[in-house]
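Chemist: My structure is below; once you've seen it, I'll send some questions.
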Amino acid sequence: MTAVPAVRLTDLRKSFGPLEVLKGVSLEAHEGDVVSILGSSGSGKSTMLRCINMLATPDGGEVAIRGEVIGLTPTRHGMRPADRLQVDRMRSQIGMVFQSFNLWSHMTVLENVIEAPIHVQKRPRAEAVAEAEAILAKVGIADKRNHYPAHLSGGQQQRAAIARALAQRPKVMLFDEPTSALDPELVGEVLRVMRSLAEEGRTMLVVTHEMGFARDVSNKVVFLHKGVVEAQGAPGEVFTNSTSERFRQFLAG
Amino acid sequence: MTIAVALTGFVFGSLIGTLGAWAKIGGGALARGVADAYTTVLRGIPDLLVIYLFYFGSSAVLTPIGRFFGAEGFVSLPGFLAGALAIGVVSGAYFTEVFRGAYNTVSRGELEAATATGMTRLLRFRRIVVPLTLRFALPGLGNVWQQVLKESALISVTGLVEILRQSQIAAGSTRQPFTFFMAAAVLYLVISTASGWSLSRAEAHFTRGLRRA
């Protein structure tokens, strides 16, 4: 565990109109942490994740990536990033995997994976392609490299999306309900890839409903309820003897 | 000449349309208002009127300026330029709506994924927004092109010798109107069929990835 957390959220607040989604959330994820973020729908867990890479701009509080605070300036309606370049640079070091995959449909799997390395990070094409092929082999879809996303199953698409995020050589990976849009029989293949990433020691924040993953793979569990952190800690202690009545209700379904 | 004036107008219109669509989607209240007024007015008045405005209107503006600089008599925009500008301004209104509609069809998630990789807005526009928008815009653009092509015939009123004007002259001097106007019709058909064919090629290119393997 290093001194500076990979991700630190301090008193994060976010409202959509009159609806206050995050009411002061603080969280730290250190290098190599795998944090599972649990909560019922509407608890603010996806919004919190999206604040980390500024896909949603917080109205208050602070986001720091590896100690670097993202500058925000107030506007009439809330906040906006003070320095667009800082946000772009920070985003290029954060890989994000979405619930609905969001692969670029006009590009093949390989083109999706090499897009950011070549055009955002300005790495040489040959190097990006070689690395992309290695990553695709790792997630088990090397044979699909020249297919378009529409021709793949959901599980293959999500693994391609994970490959795309990995190709950014991310310092942190964000997963926003990565298995929620998948048919039940395809969930396993995606979880296996995520588990292997966790075992590599990657820093991951995962919004999920997969209790098995939260319990067995992550080393930290955060339970959000109505915009506040209701319980957090190592999965062993949170799952077995949480004092939060709401968390126990949540587990009971 | 027909193709040249239509193409110039089309390109000019697509530039205006991009700006207009951008104003309607991402602009502030003022930009949106201007774009709304533009598309409403230009789609609501006859194209011939716009051409007259550009050709005769521009000379009404340019002649005094020319006189000030010591030019004699009537100064006007060349027929080609006035015509291409007029076509551009009219088709730009249609382009605006086509682009706006197409952009709204693009999946928000794909745009968000681009943002999340740290693309700058310009890079995202070039690599993701344009190809995905064109995919949905192409059928609409085909319509705009056909319309522009036919509109170019109206430019003959400025004395520009394009297909229609040429056949008028020929019909007048040979007294065989049927032959020459039929020839003109065939020429227009040939051009529009050829462009229809290239358009479907382009459509195939931009919808790659949507077809079933």
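Identifiers in the structure tokens: chain A, B, ... in order shown; residue index from 1 per chain; ligand index from 1 in order shown.
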Do you know which residues are at most 8 Å from Val222 (chain A) counting only C-alpha atoms, after dropping those on the same chain fewer than 4 positions away, and could you put them as a VMD selection string?
Modeler: chain A and resid 35 to 38 229 to 233
Chemist: Do you know which residues are at most 9 Å from Gly33 (chain B) counting only C-alpha atoms, after dropping those on the same chain fewer than 5 positions away, and could you put them as a PyMOL selection string?
Modeler: chain B and resi 23-24+28+38
Chemist: Could you tell me how far CA of Leu30 (chain B) sits from CA of Phe10 (chain B), in Å to one decimal place?
Modeler: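 Spanning CA of Phe10 (chain B) to CA of Leu30 (chain B) is a straight-line distance of 26.1 Å.
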Chemist: So which one's closest to chain B, A:Gly236, A:Pro117, A:Pro5, A:Gly212? Using only C-alpha atoms, please.
Modeler: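 Ranked by minimum distance to chain B, first place goes to A:Pro117.
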Chemist: Leaving out Val87 (chain A) and any residue of its chain fewer than 2 positions from it, which residues lie within 12 Å of it when counting only C-alpha atoms, given as a count of residues only?
Modeler: 34
Chemist: Considering only C-alpha atoms, return as a ChimeraX atom specification whatever protein or nucleic-acid residues lie within 12 Å of Arg123 (chain A), sequence-local ones (same chain, fewer than 5 positions apart) excluded.
Modeler: /A:114-118,128-131,167-169
Chemist: Once you count only C-alpha atoms, which residues of chain B turn out to be within 12 Å of chain A? Could you give them as an NGL selection string?
Modeler: :B and (106-124 or 126-136 or 204-213)
Chemist: As a short mmCIF file (atom, residue, chain, number, x, y, z; two decimals) with N, CA and C atoms, in the first residue's frame, please: every residue in region 192-230 of chain A that a backbone DSSP assignment puts in strand (DSSP E).
Modeler:
```
data_model
loop_
_atom_site.label_atom_id
_atom_site.label_comp_id
_atom_site.auth_asym_id
_atom_site.auth_seq_id
_atom_site.Cartn_x
_atom_site.Cartn_y
_atom_site.Cartn_z
N MET A 204 -8.81 -1.42 -9.37
CA MET A 204 -10.12 -1.48 -10.03
C MET A 204 -11.21 -1.00 -9.09
N LEU A 205 -12.13 -0.22 -9.64
CA LEU A 205 -13.34 0.14 -8.92
C LEU A 205 -14.50 -0.41 -9.71
N VAL A 206 -15.30 -1.26 -9.08
CA VAL A 206 -16.30 -2.01 -9.81
C VAL A 206 -17.68 -1.79 -9.20
N VAL A 207 -18.56 -1.16 -9.97
CA VAL A 207 -19.96 -1.08 -9.56
C VAL A 207 -20.61 -2.38 -10.02
N LYS A 220 -12.06 -4.80 -0.95
CA LYS A 220 -12.76 -3.73 -0.24
C LYS A 220 -14.17 -3.64 -0.81
N VAL A 221 -15.13 -3.47 0.07
CA VAL A 221 -16.52 -3.35 -0.36
C VAL A 221 -17.07 -2.04 0.18
N VAL A 222 -17.75 -1.30 -0.70
CA VAL A 222 -18.40 -0.06 -0.28
C VAL A 222 -19.88 -0.20 -0.58
N PHE A 223 -20.71 0.04 0.41
CA PHE A 223 -22.15 -0.05 0.19
C PHE A 223 -22.73 1.36 0.26
N LEU A 224 -23.32 1.78 -0.85
CA LEU A 224 -23.94 3.11 -0.91
C LEU A 224 -25.44 2.97 -0.72
N HIS A 225 -25.99 3.90 0.05
CA HIS A 225 -27.43 3.93 0.19
C HIS A 225 -27.90 5.37 0.19
N VAL A 228 -25.12 8.13 0.41
CA VAL A 228 -24.07 8.15 1.43
C VAL A 228 -23.49 6.74 1.57
N VAL A 229 -22.23 6.68 2.03
CA VAL A 229 -21.60 5.39 2.28
C VAL A 229 -22.18 4.83 3.56
N GLU A 230 -22.88 3.71 3.42
CA GLU A 230 -23.59 3.14 4.57
C GLU A 230 -22.70 2.13 5.30
#
```
Chemist: Residues of region 13-240 of chain A classed as helix (DSSP H, G or I) by DSSP on the backbone are to be reported as a PyMOL selection string.
Modeler: chain A and resi 45-52+84-91+109-120+125-138+142-144+149-151+154-166+184-199+211-216+235-240
Chemist: Any idea what the distance is between CA of Gly44 (chain A) and CA of Ala160 (chain A)?
Modeler: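 Separating CA of Gly44 (chain A) from CA of Ala160 (chain A) is a distance of 26.8 Å.
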Chemist: Would you list the contacts of Ser91 (chain B) as a ChimeraX atom specification, taking every protein, DNA or RNA residue within 9 Å and counting only C-alpha atoms, but skipping same-chain residues closer than 4 positions in sequence?
Modeler: /B:9-10,12-14,16-17,42-43,86-87,95-96,144-145,147-148
Chemist: Between CA of Arg248 (chain A) and CA of Ala214 (chain A), measure the distance and give it in Å to one decimal.
Modeler: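 Separation between CA of Arg248 (chain A) and CA of Ala214 (chain A): 14.8 Å.
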Chemist: Residues at most 9 Å from Leu199 (chain B), counting only C-alpha atoms, excluding those fewer than 5 positions away in the same chain, as a PDB file with C-alpha atoms, in the first residue's frame?
Modeler:
```pdb
ATOM      1  CA  LEU B 138     -26.234   9.636 -45.953  1.00  0.00           C
ATOM      2  CA  PRO B 139     -29.776   8.795 -47.088  1.00  0.00           C
ATOM      3  CA  LEU B 141     -27.758  13.764 -47.933  1.00  0.00           C
ATOM      4  CA  GLY B 142     -28.745  11.890 -51.083  1.00  0.00           C
ATOM      5  CA  ALA B 194     -24.482   8.185 -61.382  1.00  0.00           C
ATOM      6  CA  ALA B 204     -22.078   0.725 -47.820  1.00  0.00           C
TER       7      ALA B 204
END
```
Chemist: My list of candidates is B:Leu62, B:Leu149, B:Val90, B:Ala21. Which is closest to Glu162 (chain B) when distances are computed with only C-alpha atoms?
Modeler: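 For Glu162 (chain B), the nearest of the given residues is B:Leu149.
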Chemist: Excluding region 189-193 of chain B and any residue of its chain fewer than 2 positions from it, enumerate the residues within 12 Å of it, using only C-alpha atoms, and give them as a VMD selection string.
Modeler: chain B and resid 2 to 4 6 to 7 142 to 150 163 182 to 187 195 to 200
Chemist: Generate the output file for the selected residues, N, CA and C atoms, as a short mmCIF file (atom, residue, chain, number, x, y, z; two decimals), in the first residue's frame.
Modeler:
```
data_model
loop_
_atom_site.label_atom_id
_atom_site.label_comp_id
_atom_site.auth_asym_id
_atom_site.auth_seq_id
_atom_site.Cartn_x
_atom_site.Cartn_y
_atom_site.Cartn_z
N THR B 2 -23.11 22.60 -64.86
CA THR B 2 -24.14 22.18 -63.91
C THR B 2 -23.51 21.46 -62.72
N ILE B 3 -22.64 20.51 -63.03
CA ILE B 3 -22.01 19.75 -61.96
C ILE B 3 -21.15 20.64 -61.08
N ALA B 4 -20.42 21.56 -61.73
CA ALA B 4 -19.53 22.44 -60.97
C ALA B 4 -20.31 23.31 -60.01
N ALA B 6 -23.37 22.87 -58.92
CA ALA B 6 -24.08 22.07 -57.92
C ALA B 6 -23.12 21.58 -56.84
N LEU B 7 -21.94 21.11 -57.29
CA LEU B 7 -20.95 20.61 -56.32
C LEU B 7 -20.47 21.72 -55.39
N GLY B 142 -28.40 12.24 -49.71
CA GLY B 142 -28.74 11.89 -51.08
C GLY B 142 -29.89 12.76 -51.58
N ASN B 143 -30.89 12.92 -50.73
CA ASN B 143 -32.02 13.79 -51.09
C ASN B 143 -31.56 15.21 -51.33
N VAL B 144 -30.70 15.70 -50.43
CA VAL B 144 -30.24 17.08 -50.55
C VAL B 144 -29.50 17.26 -51.87
N TRP B 145 -28.67 16.26 -52.21
CA TRP B 145 -27.90 16.35 -53.45
C TRP B 145 -28.82 16.42 -54.68
N GLN B 146 -29.81 15.53 -54.73
CA GLN B 146 -30.74 15.53 -55.86
C GLN B 146 -31.41 16.89 -55.98
N GLN B 147 -31.75 17.44 -54.83
CA GLN B 147 -32.44 18.72 -54.80
C GLN B 147 -31.52 19.83 -55.31
N VAL B 148 -30.26 19.77 -54.85
CA VAL B 148 -29.28 20.76 -55.28
C VAL B 148 -29.08 20.70 -56.79
N LEU B 149 -29.04 19.47 -57.29
CA LEU B 149 -28.81 19.27 -58.72
C LEU B 149 -29.92 19.94 -59.52
N LYS B 150 -31.15 19.74 -59.07
CA LYS B 150 -32.27 20.32 -59.81
C LYS B 150 -32.33 21.83 -59.61
N ILE B 163 -26.67 23.37 -67.99
CA ILE B 163 -27.38 22.48 -68.91
C ILE B 163 -28.68 23.11 -69.44
N MET B 182 -35.24 17.39 -74.23
CA MET B 182 -35.15 15.96 -73.91
C MET B 182 -33.69 15.60 -73.59
N ALA B 183 -32.80 16.14 -74.39
CA ALA B 183 -31.37 15.87 -74.17
C ALA B 183 -30.96 16.35 -72.78
N ALA B 184 -31.47 17.56 -72.41
CA ALA B 184 -31.15 18.09 -71.09
C ALA B 184 -31.68 17.16 -70.00
N ALA B 185 -32.93 16.71 -70.18
CA ALA B 185 -33.54 15.82 -69.19
C ALA B 185 -32.71 14.56 -69.01
N VAL B 186 -32.26 13.99 -70.17
CA VAL B 186 -31.44 12.78 -70.11
C VAL B 186 -30.14 13.05 -69.35
N LEU B 187 -29.54 14.22 -69.62
CA LEU B 187 -28.30 14.56 -68.93
C LEU B 187 -28.51 14.62 -67.42
N SER B 195 -24.77 9.72 -59.51
CA SER B 195 -24.49 10.11 -58.13
C SER B 195 -25.24 9.22 -57.16
N GLY B 196 -26.43 8.75 -57.57
CA GLY B 196 -27.14 7.80 -56.71
C GLY B 196 -26.33 6.54 -56.48
N TRP B 197 -25.65 6.10 -57.54
CA TRP B 197 -24.83 4.91 -57.44
C TRP B 197 -23.65 5.15 -56.49
N SER B 198 -22.96 6.29 -56.65
CA SER B 198 -21.82 6.53 -55.75
C SER B 198 -22.29 6.71 -54.32
N LEU B 199 -23.50 7.23 -54.17
CA LEU B 199 -24.02 7.41 -52.83
C LEU B 199 -24.25 6.07 -52.14
N SER B 200 -24.76 5.11 -52.89
CA SER B 200 -25.00 3.82 -52.24
C SER B 200 -23.69 3.12 -51.92
#
```
Chemist: Given only C-alpha atoms as the basis, pick out the residue of B:Thr39, B:Val34, B:Leu85, B:Tyr94 nearest to Ser58 (chain B).
Modeler: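 Once distances to Ser58 (chain B) are computed over only C-alpha atoms, the minimum belongs to B:Leu85.
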Chemist: Quick one: of A:Pro184, A:Pro235, A:Gly67, A:Gly61, who's nearest to Lys14 (chain A), counting only C-alpha atoms?
Modeler: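 Ranked by minimum distance to Lys14 (chain A), first place goes to A:Gly61.
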